[in-house]
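So this one's work-v3.txt, compact mmCIF, C-alpha atoms:
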```txt
# COMPACT_ATOMS: atom_id res chain seq x y z
CA MET Y 1 35.61 -20.69 5.90
CA VAL Y 2 36.65 -17.04 5.59
CA ILE Y 3 36.76 -14.71 8.62
CA THR Y 4 36.82 -11.02 7.68
CA PRO Y 5 37.27 -8.27 10.31
CA THR Y 6 34.53 -5.66 10.21
CA GLU Y 7 35.51 -2.21 9.04
CA GLY Y 8 36.06 -0.07 12.11
CA GLY Y 9 37.87 -2.69 14.13
CA PHE Y 10 35.04 -4.37 16.05
CA GLY Y 11 33.71 -7.82 15.19
CA ALA Y 12 34.17 -10.03 12.14
CA SER Y 13 31.94 -11.76 9.59
CA VAL Y 14 32.25 -15.47 8.85
CA ARG Y 15 31.36 -16.87 5.43
CA GLY Y 16 31.90 -20.13 3.60
CA ILE Y 17 30.43 -22.30 6.35
CA ASP Y 18 27.05 -24.04 6.72
CA LEU Y 19 26.02 -24.01 10.38
CA ARG Y 20 23.48 -26.75 9.73
CA GLN Y 21 26.43 -29.15 9.49
CA PRO Y 22 28.69 -30.31 12.36
CA LEU Y 23 31.95 -28.39 12.75
CA THR Y 24 35.31 -29.99 12.19
CA ASP Y 25 37.87 -29.75 14.99
CA ARG Y 26 39.77 -27.17 12.93
CA GLN Y 27 36.67 -25.04 12.35
CA ARG Y 28 35.80 -25.15 16.04
CA ALA Y 29 39.30 -24.09 17.08
CA ASP Y 30 39.38 -21.30 14.48
CA LEU Y 31 36.00 -19.92 15.58
CA VAL Y 32 36.93 -19.93 19.28
CA ALA Y 33 40.17 -18.09 18.41
CA ALA Y 34 38.22 -15.62 16.25
CA ALA Y 35 35.75 -14.97 19.07
CA ASP Y 36 38.69 -14.29 21.40
CA GLU Y 37 40.14 -11.80 18.94
CA HIS Y 38 37.01 -10.06 17.62
CA VAL Y 39 34.48 -10.72 20.49
CA LEU Y 40 31.58 -10.55 17.97
CA LEU Y 41 31.19 -12.94 15.02
CA SER Y 42 28.38 -12.67 12.47
CA PHE Y 43 27.25 -15.47 10.17
CA PRO Y 44 25.07 -14.02 7.38
CA GLY Y 45 22.42 -16.04 5.58
CA GLN Y 46 22.22 -19.06 7.88
CA ALA Y 47 18.84 -20.81 7.51
CA ILE Y 48 19.16 -22.85 10.68
CA ASP Y 49 16.42 -24.16 12.95
CA ASP Y 50 16.41 -24.10 16.76
CA GLY Y 51 17.98 -27.56 17.07
CA GLN Y 52 20.79 -26.67 14.69
CA GLN Y 53 21.45 -23.42 16.55
CA LEU Y 54 21.61 -25.35 19.81
CA ALA Y 55 24.03 -27.87 18.31
CA PHE Y 56 26.25 -25.06 17.04
CA ALA Y 57 26.19 -23.33 20.43
CA SER Y 58 27.38 -26.54 22.08
CA ASN Y 59 30.71 -26.16 20.27
CA PHE Y 60 31.49 -23.26 22.63
CA GLY Y 61 30.44 -24.91 25.90
CA THR Y 62 27.36 -25.92 27.85
CA PRO Y 63 24.13 -24.13 26.83
CA THR Y 64 22.39 -22.20 29.60
CA SER Y 65 19.10 -23.48 31.00
CA TYR Y 66 16.82 -20.53 31.78
CA PHE Y 67 14.43 -20.61 34.69
CA LYS Y 68 10.67 -20.65 34.20
CA ARG Y 69 9.91 -16.93 34.40
CA GLN Y 70 12.57 -16.05 31.80
CA ALA Y 71 11.12 -18.59 29.36
CA ALA Y 72 7.53 -17.47 30.00
CA MET Y 73 8.50 -13.81 29.68
CA THR Y 74 9.81 -14.34 26.16
CA GLY Y 75 7.21 -16.77 24.89
CA ASN Y 76 9.19 -20.03 24.71
CA GLY Y 77 8.23 -23.00 26.85
CA SER Y 78 9.44 -25.98 24.84
CA ASP Y 79 13.17 -26.03 25.66
CA PRO Y 80 14.59 -24.09 28.63
CA ARG Y 81 17.84 -23.55 26.71
CA ILE Y 82 16.16 -21.60 23.89
CA ILE Y 83 14.51 -18.21 24.40
CA SER Y 84 12.29 -16.47 21.86
CA VAL Y 85 12.97 -12.72 21.90
CA THR Y 86 9.92 -11.38 20.12
CA ASN Y 87 6.99 -8.97 19.97
CA VAL Y 88 4.80 -11.71 18.47
CA ASP Y 89 2.28 -13.74 20.47
CA GLY Y 90 2.15 -17.52 20.46
CA ASP Y 91 -0.58 -17.46 17.80
CA GLY Y 92 1.67 -15.47 15.44
CA THR Y 93 0.03 -12.05 15.84
CA LEU Y 94 1.65 -8.84 17.05
CA LYS Y 95 1.24 -8.31 20.76
CA HIS Y 96 -1.44 -5.85 21.78
CA ALA Y 97 -0.29 -2.29 22.36
CA SER Y 98 -1.04 -2.61 26.09
CA GLU Y 99 1.54 -5.41 26.34
CA LEU Y 100 4.38 -3.35 24.86
CA PRO Y 101 7.03 -2.61 25.84
CA ASP Y 102 7.04 -5.63 28.15
CA GLU Y 103 9.58 -6.47 30.84
CA GLY Y 104 11.93 -8.29 28.49
CA ILE Y 105 11.94 -5.54 25.87
CA MET Y 106 12.56 -2.81 28.45
CA ALA Y 107 15.40 -4.71 30.09
CA SER Y 108 17.07 -5.51 26.78
CA ARG Y 109 17.40 -1.78 26.02
CA LEU Y 110 19.77 -1.20 28.94
CA TRP Y 111 23.48 -2.02 28.75
CA HIS Y 112 24.12 -5.46 30.19
CA SER Y 113 26.16 -8.65 30.06
CA ASP Y 114 23.86 -11.66 29.93
CA ASN Y 115 23.18 -13.29 33.28
CA SER Y 116 26.02 -11.48 35.07
CA TRP Y 117 23.78 -11.75 38.14
CA ARG Y 118 24.33 -15.52 38.21
CA GLN Y 119 27.31 -17.04 39.98
CA VAL Y 120 28.08 -18.81 36.69
CA PRO Y 121 27.08 -16.24 34.04
CA ASP Y 122 26.84 -16.63 30.26
CA ARG Y 123 30.19 -16.50 28.49
CA TYR Y 124 28.68 -16.40 25.00
CA THR Y 125 25.30 -15.49 23.56
CA LEU Y 126 24.05 -16.68 20.18
CA LEU Y 127 21.21 -14.71 18.60
CA ALA Y 128 19.50 -15.66 15.33
CA GLY Y 129 17.32 -13.28 13.30
CA LYS Y 130 14.15 -15.03 12.08
CA GLU Y 131 12.11 -11.90 11.33
CA VAL Y 132 13.53 -8.38 11.53
CA PRO Y 133 11.94 -4.93 11.12
CA PRO Y 134 12.87 -2.83 8.08
CA THR Y 135 14.34 -0.16 10.34
CA GLY Y 136 15.47 -0.07 13.97
CA GLY Y 137 15.85 -3.05 16.24
CA ASP Y 138 19.65 -3.07 15.95
CA THR Y 139 21.85 -4.64 18.62
CA GLN Y 140 24.48 -2.29 20.00
CA PHE Y 141 27.73 -3.35 21.63
CA ILE Y 142 30.36 -1.72 23.80
CA ASP Y 143 33.88 -3.05 23.37
CA MET Y 144 34.75 -3.25 27.06
CA ARG Y 145 38.39 -4.03 26.22
CA VAL Y 146 38.80 -0.70 24.47
CA ALA Y 147 36.95 1.10 27.27
CA TRP Y 148 39.40 -0.42 29.75
CA ASP Y 149 42.42 0.40 27.62
CA ALA Y 150 41.35 4.06 27.40
CA LEU Y 151 41.47 4.57 31.18
CA PRO Y 152 44.54 6.31 32.66
CA ASP Y 153 47.05 3.93 34.22
CA GLY Y 154 46.43 5.28 37.70
CA ARG Y 155 42.72 4.69 37.33
CA LYS Y 156 43.36 1.13 36.20
CA ASP Y 157 45.50 0.46 39.26
CA ALA Y 158 42.65 1.61 41.51
CA LEU Y 159 40.03 -0.55 39.76
CA ARG Y 160 41.91 -3.73 38.90
CA ASN Y 161 41.02 -5.68 42.07
CA VAL Y 162 37.56 -4.23 42.77
CA LEU Y 163 34.59 -6.57 43.22
CA VAL Y 164 31.05 -5.48 42.30
CA ALA Y 165 27.70 -6.85 43.50
CA HIS Y 166 25.50 -8.00 40.60
CA SER Y 167 21.85 -8.95 41.06
CA ARG Y 168 18.76 -9.73 39.03
CA GLU Y 169 16.86 -7.52 41.46
CA GLN Y 170 19.03 -4.53 40.52
CA GLY Y 171 18.41 -5.10 36.81
CA ARG Y 172 14.67 -5.49 37.15
CA ALA Y 173 14.39 -2.47 39.46
CA ALA Y 174 15.83 -0.41 36.62
CA VAL Y 175 12.69 -1.17 34.58
CA GLY Y 176 10.25 -0.89 37.50
CA VAL Y 177 9.75 -4.63 38.06
CA GLN Y 178 9.91 -6.32 41.45
CA LEU Y 179 11.13 -9.87 41.93
CA THR Y 180 9.01 -12.43 43.71
CA ASP Y 181 10.13 -13.59 47.16
CA GLU Y 182 11.03 -16.93 45.60
CA GLU Y 183 13.25 -15.25 42.99
CA ARG Y 184 15.03 -13.23 45.68
CA ARG Y 185 15.72 -16.45 47.55
CA LEU Y 186 16.94 -18.29 44.46
CA PHE Y 187 19.03 -15.43 43.04
CA PRO Y 188 20.73 -13.40 45.77
CA PRO Y 189 23.37 -10.79 44.81
CA VAL Y 190 26.72 -12.24 43.72
CA PRO Y 191 30.15 -10.59 43.67
CA GLN Y 192 31.85 -10.37 40.28
CA PRO Y 193 35.22 -8.90 39.30
CA LEU Y 194 35.05 -5.41 37.84
CA VAL Y 195 37.96 -6.22 35.53
CA ARG Y 196 38.19 -9.53 33.69
CA ALA Y 197 40.97 -11.05 31.60
CA ASN Y 198 40.53 -13.53 28.75
CA ALA Y 199 42.37 -16.64 29.96
CA ARG Y 200 43.63 -17.45 26.45
CA THR Y 201 44.70 -14.00 25.29
CA GLY Y 202 45.28 -12.11 28.54
CA ARG Y 203 43.26 -9.15 27.18
CA GLN Y 204 41.56 -7.23 30.00
CA ALA Y 205 38.09 -5.67 29.94
CA LEU Y 206 35.63 -3.95 32.24
CA TYR Y 207 32.70 -6.14 33.33
CA LEU Y 208 29.53 -4.33 34.36
CA GLY Y 209 26.07 -3.29 33.19
CA VAL Y 210 22.57 -2.74 34.51
CA PHE Y 211 22.81 -5.72 36.90
CA ALA Y 212 25.78 -4.12 38.70
CA SER Y 213 24.68 -2.53 41.94
CA HIS Y 214 27.69 -1.25 43.87
CA ALA Y 215 31.40 -1.82 44.39
CA LEU Y 216 32.26 -3.81 47.48
CA GLY Y 217 34.85 -2.94 50.13
CA MET Y 218 33.71 0.67 50.54
CA PRO Y 219 30.66 2.52 51.89
CA GLN Y 220 27.66 1.39 49.83
CA GLU Y 221 26.75 4.84 48.53
CA GLN Y 222 30.33 5.42 47.44
CA GLY Y 223 30.27 1.99 45.77
CA ARG Y 224 27.06 2.90 43.92
CA GLN Y 225 28.55 6.16 42.73
CA LEU Y 226 31.56 4.33 41.34
CA VAL Y 227 29.37 1.94 39.35
CA GLN Y 228 27.21 4.77 38.00
CA GLU Y 229 30.30 6.72 37.01
CA LEU Y 230 31.69 3.76 35.09
CA LEU Y 231 28.34 3.02 33.41
CA ALA Y 232 28.28 6.58 32.09
CA TYR Y 233 31.90 6.25 30.99
CA ILE Y 234 31.48 3.04 28.95
CA ALA Y 235 28.38 4.40 27.16
CA GLN Y 236 30.38 7.08 25.33
CA PRO Y 237 29.71 6.92 21.57
CA ARG Y 238 33.38 6.20 20.83
CA PHE Y 239 33.02 2.77 22.45
CA VAL Y 240 29.64 1.85 20.90
CA HIS Y 241 29.12 -0.26 17.75
CA SER Y 242 25.77 -1.13 16.11
CA TYR Y 243 24.81 -4.33 14.33
CA ALA Y 244 22.03 -3.97 11.73
CA TRP Y 245 20.09 -7.21 11.37
CA ARG Y 246 19.11 -9.07 8.22
CA VAL Y 247 16.89 -12.14 8.08
CA GLY Y 248 18.99 -15.28 8.45
CA ASP Y 249 21.83 -13.64 10.38
CA LEU Y 250 23.27 -15.41 13.38
CA ILE Y 251 25.70 -13.64 15.69
CA ILE Y 252 27.72 -14.81 18.68
CA TRP Y 253 29.38 -12.49 21.16
CA ASP Y 254 31.61 -12.80 24.20
CA ASN Y 255 29.82 -11.44 27.27
CA SER Y 256 33.07 -11.30 29.24
CA GLN Y 257 34.47 -8.64 26.91
CA THR Y 258 31.36 -6.73 25.80
CA SER Y 259 28.18 -5.09 27.01
CA HIS Y 260 25.13 -4.89 24.74
CA ARG Y 261 21.59 -3.60 24.33
CA SER Y 262 18.81 -3.56 21.71
CA THR Y 263 17.50 -0.38 20.06
CA PRO Y 264 13.84 0.61 19.66
CA PHE Y 265 11.72 0.01 16.56
CA ALA Y 266 8.04 0.37 15.67
CA GLU Y 267 6.92 -2.57 17.82
CA HIS Y 268 3.22 -2.11 17.09
CA GLU Y 269 3.82 -2.15 13.33
CA TYR Y 270 6.70 -4.52 12.54
CA ARG Y 271 7.48 -8.05 13.63
CA ARG Y 272 10.79 -8.99 15.25
CA VAL Y 273 11.46 -12.64 16.05
CA MET Y 274 14.84 -13.75 17.39
CA ARG Y 275 16.15 -16.94 19.01
CA ARG Y 276 18.63 -16.61 21.85
CA ILE Y 277 20.87 -19.31 23.30
CA GLY Y 278 23.46 -18.70 26.01
CA VAL Y 279 26.63 -20.67 26.73
CA LEU Y 280 27.83 -20.86 30.33
CA GLU Y 281 31.19 -19.93 31.73
CA GLU Y 282 33.16 -23.08 32.59
CA ALA Y 283 33.14 -22.18 36.32
CA PRO Y 284 32.17 -19.36 38.68
CA LEU Y 285 34.22 -16.23 38.16
CA LEU Y 286 35.07 -16.21 41.89
CA THR Y 287 35.40 -18.99 44.42
CA PRO Y 288 31.98 -19.29 46.13
```

Using the file provided, produce a representation of the structure as structure tokens.
Amino acid sequence: MVITPTEGGFGASVRGIDLRQPLTDRQRADLVAAADEHVLLSFPGQAIDDGQQLAFASNFGTPTSYFKRQAAMTGNGSDPRIISVTNVDGDGTLKHASELPDEGIMASRLWHSDNSWRQVPDRYTLLAGKEVPPTGGDTQFIDMRVAWDALPDGRKDALRNVLVAHSREQGRAAVGVQLTDEERRLFPPVPQPLVRANARTGRQALYLGVFASHALGMPQEQGRQLVQELLAYIAQPRFVHSYAWRVGDLIIWDNSQTSHRSTPFAEHEYRRVMRRIGVLEEAPLLTP
């Protein structure tokens, strides 16, 4: 197994490993350490099926079980731990123009950290490219560690202990979708730390995206302004990196140290079929 840092200093590619086979203890430890260091790992040319992807994800923790509407929204109903991110209907045809862009596609184009609106969010996300368009449809990442490092020391001191309300309702409102009353009951806003540290490396990073509503401990409008200011700050081109997909690629990223989004492509002309599996944090980020 060879781990090669990507030119430009963000992410690394991993070759010389067959993800269809179980990992050795050494491989598992090396990949966790590489994810800590590089926050994005790519595995080119991996012809794995859904079960093999799920088994590989389990090396990093407990796979996330998604609730019914998330699975229905993305066209996968067989296993709640596996989501199909696609513009293809269940019968294999491109979705009708009136169905695009749907809720999932719109939401994925905004900067976010997966499931930050849950008390126990996703630590890692694994995404596998089954069919990819010839152009567009990249996944972009913000290195939230570098964004944090670039802040002035005085600004860091003011932000280090801030808590921010995250909610699914906030994220869906950004794309003009209302939650059901049942969803509001099941998924109320949760406080999350604005600044997170990797427990193994100590590296700090900002933690926010479209699900972040407002900073707590101050007037709500002032808290909203702070979040909007930081969202504009992290989206500067100097912090953004793009991943161009090829069929058979699998990537894993650390949601605690990055924010991500997808980019548009000709959805009515080209097929894009991805499989997504999340891996939960070991515990809530804050004591309930």

Which neighbours of Gly209 (chain Y) fall inside 8 Å, counting all atoms listed in the file, when residues of the same chain fewer than 6 positions from it are skipped, and could you give them as a ChimeraX atom specification? /Y:110-113,231,259

C-alpha atoms of the current selection, written as an mmCIF file, in the frame of the given file:
```cif
data_model
loop_
_atom_site.group_PDB
_atom_site.id
_atom_site.type_symbol
_atom_site.label_atom_id
_atom_site.label_comp_id
_atom_site.auth_asym_id
_atom_site.auth_seq_id
_atom_site.Cartn_x
_atom_site.Cartn_y
_atom_site.Cartn_z
ATOM 1 C CA LEU Y 110 19.770 -1.200 28.940
ATOM 2 C CA TRP Y 111 23.480 -2.020 28.750
ATOM 3 C CA HIS Y 112 24.120 -5.460 30.190
ATOM 4 C CA SER Y 113 26.160 -8.650 30.060
ATOM 5 C CA LEU Y 231 28.340 3.020 33.410
ATOM 6 C CA SER Y 259 28.180 -5.090 27.010
#
```

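Checking Y:Met144, Y:Pro189, Y:Leu216, Y:Leu206 one by one against Val162 (chain Y), counting all atoms listed in the file, you find the shortest gap at Y:Leu216.
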
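Candidate residues Y:Gln27, Y:Thr62, Y:Ser242, Y:Gln257 were compared for distance to Ala199 (chain Y), and the nearest is Y:Gln257, using only C-alpha atoms.
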
Extract, using only C-alpha atoms, all DNA, RNA and protein residues at most 12 Å from region 243-250 of chain Y, discarding same-chain residues fewer than 2 positions from it, and format them as a VMD selection string. chain Y and resid 6 10 to 15 18 to 20 40 to 50 52 to 54 56 to 57 125 to 142 240 to 241 252 to 253 260 to 263 271 to 277

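Separating CA of Ala174 (chain Y) from CA of Gly278 (chain Y) is a distance of 22.5 Å.
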
Which residues are near Ser167 (chain Y)? Cut-off 7 Å, all atoms listed in the file, ignore same chain within fewer than 3 positions. Put them as a list in words. Trp117, Gln170, Gly171, Pro188, Pro189, Val190, Phe211 and Ala212 of chain Y

Would you output that residue set with C-alpha atoms, as an mmCIF file, in the coordinates of the input?
```
data_model
loop_
_atom_site.group_PDB
_atom_site.id
_atom_site.type_symbol
_atom_site.label_atom_id
_atom_site.label_comp_id
_atom_site.auth_asym_id
_atom_site.auth_seq_id
_atom_site.Cartn_x
_atom_site.Cartn_y
_atom_site.Cartn_z
ATOM 1 C CA TRP Y 117 23.780 -11.750 38.140
ATOM 2 C CA GLN Y 170 19.030 -4.530 40.520
ATOM 3 C CA GLY Y 171 18.410 -5.100 36.810
ATOM 4 C CA PRO Y 188 20.730 -13.400 45.770
ATOM 5 C CA PRO Y 189 23.370 -10.790 44.810
ATOM 6 C CA VAL Y 190 26.720 -12.240 43.720
ATOM 7 C CA PHE Y 211 22.810 -5.720 36.900
ATOM 8 C CA ALA Y 212 25.780 -4.120 38.700
#
```

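Proximity of Y:Glu267, Y:Ala33, Y:Trp148, Y:Val164 to Gln225 (chain Y), computed with all atoms listed in the file, is greatest for Y:Val164.
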
Quick check, in Å to one decimal: how far apart do CA of Met1 (chain Y) and CA of Ile251 (chain Y) lie? 15.6 Å

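Between Arg203 (chain Y) and the candidates Y:Val146, Y:Leu163, Y:Glu221, Y:Ile105, the tightest atom-to-atom separation, counting all atoms listed in the file, involves Y:Val146.
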
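CA of Thr64 (chain Y) to CA of Arg81 (chain Y) spans 5.6 Å [interatomic distance, one decimal].
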
Which of Y:Arg123, Y:Arg145, Y:Arg168, Y:Arg200 sits closest to Thr180 (chain Y) [using only C-alpha atoms]: Y:Arg168

With only C-alpha atoms as the counted atoms, please give the residues lying no more than 9 Å from Leu286 (chain Y), apart from itself and same-chain residues fewer than 6 positions off, as a ChimeraX atom specification. /Y:119,191-193

For region 168-201 of chain Y, where the input has fewer atoms than it should, I would like N, CA and C atoms rebuilt and written as a PDB file, keeping the file's coordinate frame.
```
ATOM      1  N   ARG Y 168      19.944  -9.805  39.896  1.00  0.00           N
ATOM      2  CA  ARG Y 168      18.760  -9.730  39.030  1.00  0.00           C
ATOM      3  C   ARG Y 168      17.812  -8.659  39.550  1.00  0.00           C
ATOM      4  N   GLU Y 169      17.730  -8.528  40.874  1.00  0.00           N
ATOM      5  CA  GLU Y 169      16.860  -7.520  41.460  1.00  0.00           C
ATOM      6  C   GLU Y 169      17.259  -6.118  41.009  1.00  0.00           C
ATOM      7  N   GLN Y 170      18.554  -5.835  40.968  1.00  0.00           N
ATOM      8  CA  GLN Y 170      19.030  -4.530  40.520  1.00  0.00           C
ATOM      9  C   GLN Y 170      18.617  -4.274  39.078  1.00  0.00           C
ATOM     10  N   GLY Y 171      18.772  -5.271  38.216  1.00  0.00           N
ATOM     11  CA  GLY Y 171      18.410  -5.100  36.810  1.00  0.00           C
ATOM     12  C   GLY Y 171      16.931  -4.887  36.605  1.00  0.00           C
ATOM     13  N   ARG Y 172      16.118  -5.637  37.323  1.00  0.00           N
ATOM     14  CA  ARG Y 172      14.670  -5.490  37.150  1.00  0.00           C
ATOM     15  C   ARG Y 172      14.161  -4.194  37.781  1.00  0.00           C
ATOM     16  N   ALA Y 173      14.783  -3.753  38.862  1.00  0.00           N
ATOM     17  CA  ALA Y 173      14.390  -2.470  39.460  1.00  0.00           C
ATOM     18  C   ALA Y 173      14.580  -1.334  38.486  1.00  0.00           C
ATOM     19  N   ALA Y 174      15.566  -1.459  37.608  1.00  0.00           N
ATOM     20  CA  ALA Y 174      15.830  -0.410  36.620  1.00  0.00           C
ATOM     21  C   ALA Y 174      14.689  -0.239  35.630  1.00  0.00           C
ATOM     22  N   VAL Y 175      13.842  -1.274  35.487  1.00  0.00           N
ATOM     23  CA  VAL Y 175      12.690  -1.170  34.580  1.00  0.00           C
ATOM     24  C   VAL Y 175      11.377  -1.223  35.351  1.00  0.00           C
ATOM     25  N   GLY Y 176      11.459  -0.998  36.683  1.00  0.00           N
ATOM     26  CA  GLY Y 176      10.250  -0.890  37.500  1.00  0.00           C
ATOM     27  C   GLY Y 176       9.565  -2.206  37.797  1.00  0.00           C
ATOM     28  N   VAL Y 177      10.327  -3.304  37.797  1.00  0.00           N
ATOM     29  CA  VAL Y 177       9.750  -4.630  38.060  1.00  0.00           C
ATOM     30  C   VAL Y 177      10.327  -5.184  39.349  1.00  0.00           C
ATOM     31  N   GLN Y 178       9.468  -5.720  40.200  1.00  0.00           N
ATOM     32  CA  GLN Y 178       9.910  -6.320  41.450  1.00  0.00           C
ATOM     33  C   GLN Y 178      10.001  -7.837  41.298  1.00  0.00           C
ATOM     34  N   LEU Y 179      11.013  -8.417  41.903  1.00  0.00           N
ATOM     35  CA  LEU Y 179      11.130  -9.870  41.930  1.00  0.00           C
ATOM     36  C   LEU Y 179      10.149 -10.461  42.933  1.00  0.00           C
ATOM     37  N   THR Y 180       9.789 -11.712  42.713  1.00  0.00           N
ATOM     38  CA  THR Y 180       9.010 -12.430  43.710  1.00  0.00           C
ATOM     39  C   THR Y 180       9.926 -12.816  44.867  1.00  0.00           C
ATOM     40  N   ASP Y 181       9.330 -13.152  46.012  1.00  0.00           N
ATOM     41  CA  ASP Y 181      10.130 -13.590  47.160  1.00  0.00           C
ATOM     42  C   ASP Y 181      10.928 -14.841  46.802  1.00  0.00           C
ATOM     43  N   GLU Y 182      10.340 -15.717  46.002  1.00  0.00           N
ATOM     44  CA  GLU Y 182      11.030 -16.930  45.600  1.00  0.00           C
ATOM     45  C   GLU Y 182      12.247 -16.611  44.744  1.00  0.00           C
ATOM     46  N   GLU Y 183      12.124 -15.641  43.829  1.00  0.00           N
ATOM     47  CA  GLU Y 183      13.250 -15.250  42.990  1.00  0.00           C
ATOM     48  C   GLU Y 183      14.364 -14.612  43.822  1.00  0.00           C
ATOM     49  N   ARG Y 184      14.003 -13.814  44.814  1.00  0.00           N
ATOM     50  CA  ARG Y 184      15.030 -13.230  45.680  1.00  0.00           C
ATOM     51  C   ARG Y 184      15.786 -14.315  46.440  1.00  0.00           C
ATOM     52  N   ARG Y 185      15.067 -15.352  46.838  1.00  0.00           N
ATOM     53  CA  ARG Y 185      15.720 -16.450  47.550  1.00  0.00           C
ATOM     54  C   ARG Y 185      16.638 -17.236  46.616  1.00  0.00           C
ATOM     55  N   LEU Y 186      16.167 -17.489  45.400  1.00  0.00           N
ATOM     56  CA  LEU Y 186      16.940 -18.290  44.460  1.00  0.00           C
ATOM     57  C   LEU Y 186      18.135 -17.537  43.887  1.00  0.00           C
ATOM     58  N   PHE Y 187      17.992 -16.213  43.731  1.00  0.00           N
ATOM     59  CA  PHE Y 187      19.030 -15.430  43.040  1.00  0.00           C
ATOM     60  C   PHE Y 187      19.477 -14.247  43.881  1.00  0.00           C
ATOM     61  N   PRO Y 188      20.205 -14.504  44.960  1.00  0.00           N
ATOM     62  CA  PRO Y 188      20.730 -13.400  45.770  1.00  0.00           C
ATOM     63  C   PRO Y 188      21.858 -12.694  45.020  1.00  0.00           C
ATOM     64  N   PRO Y 189      22.250 -11.488  45.459  1.00  0.00           N
ATOM     65  CA  PRO Y 189      23.370 -10.790  44.810  1.00  0.00           C
ATOM     66  C   PRO Y 189      24.641 -11.635  44.843  1.00  0.00           C
ATOM     67  N   VAL Y 190      25.437 -11.519  43.786  1.00  0.00           N
ATOM     68  CA  VAL Y 190      26.720 -12.240  43.720  1.00  0.00           C
ATOM     69  C   VAL Y 190      27.828 -11.241  43.434  1.00  0.00           C
ATOM     70  N   PRO Y 191      29.012 -11.447  44.003  1.00  0.00           N
ATOM     71  CA  PRO Y 191      30.150 -10.590  43.670  1.00  0.00           C
ATOM     72  C   PRO Y 191      30.785 -11.050  42.363  1.00  0.00           C
ATOM     73  N   GLN Y 192      31.138 -10.083  41.515  1.00  0.00           N
ATOM     74  CA  GLN Y 192      31.850 -10.370  40.280  1.00  0.00           C
ATOM     75  C   GLN Y 192      33.016  -9.401  40.158  1.00  0.00           C
ATOM     76  N   PRO Y 193      34.077  -9.814  39.492  1.00  0.00           N
ATOM     77  CA  PRO Y 193      35.220  -8.900  39.300  1.00  0.00           C
ATOM     78  C   PRO Y 193      34.841  -7.746  38.376  1.00  0.00           C
ATOM     79  N   LEU Y 194      35.288  -6.569  38.702  1.00  0.00           N
ATOM     80  CA  LEU Y 194      35.050  -5.410  37.840  1.00  0.00           C
ATOM     81  C   LEU Y 194      35.886  -5.484  36.573  1.00  0.00           C
ATOM     82  N   VAL Y 195      37.049  -6.097  36.673  1.00  0.00           N
ATOM     83  CA  VAL Y 195      37.960  -6.220  35.530  1.00  0.00           C
ATOM     84  C   VAL Y 195      38.214  -7.704  35.281  1.00  0.00           C
ATOM     85  N   ARG Y 196      37.990  -8.136  34.047  1.00  0.00           N
ATOM     86  CA  ARG Y 196      38.190  -9.530  33.690  1.00  0.00           C
ATOM     87  C   ARG Y 196      39.274  -9.646  32.617  1.00  0.00           C
ATOM     88  N   ALA Y 197      39.955 -10.787  32.617  1.00  0.00           N
ATOM     89  CA  ALA Y 197      40.970 -11.050  31.600  1.00  0.00           C
ATOM     90  C   ALA Y 197      40.597 -12.340  30.859  1.00  0.00           C
ATOM     91  N   ASN Y 198      40.728 -12.326  29.546  1.00  0.00           N
ATOM     92  CA  ASN Y 198      40.530 -13.530  28.750  1.00  0.00           C
ATOM     93  C   ASN Y 198      41.682 -14.488  29.059  1.00  0.00           C
ATOM     94  N   ALA Y 199      41.338 -15.695  29.521  1.00  0.00           N
ATOM     95  CA  ALA Y 199      42.370 -16.640  29.960  1.00  0.00           C
ATOM     96  C   ALA Y 199      43.292 -17.066  28.824  1.00  0.00           C
ATOM     97  N   ARG Y 200      42.801 -17.009  27.577  1.00  0.00           N
ATOM     98  CA  ARG Y 200      43.630 -17.450  26.450  1.00  0.00           C
ATOM     99  C   ARG Y 200      44.480 -16.332  25.872  1.00  0.00           C
ATOM    100  N   THR Y 201      43.964 -15.105  25.905  1.00  0.00           N
ATOM    101  CA  THR Y 201      44.700 -14.000  25.290  1.00  0.00           C
ATOM    102  C   THR Y 201      45.321 -13.050  26.302  1.00  0.00           C
TER     103      THR Y 201
END
```
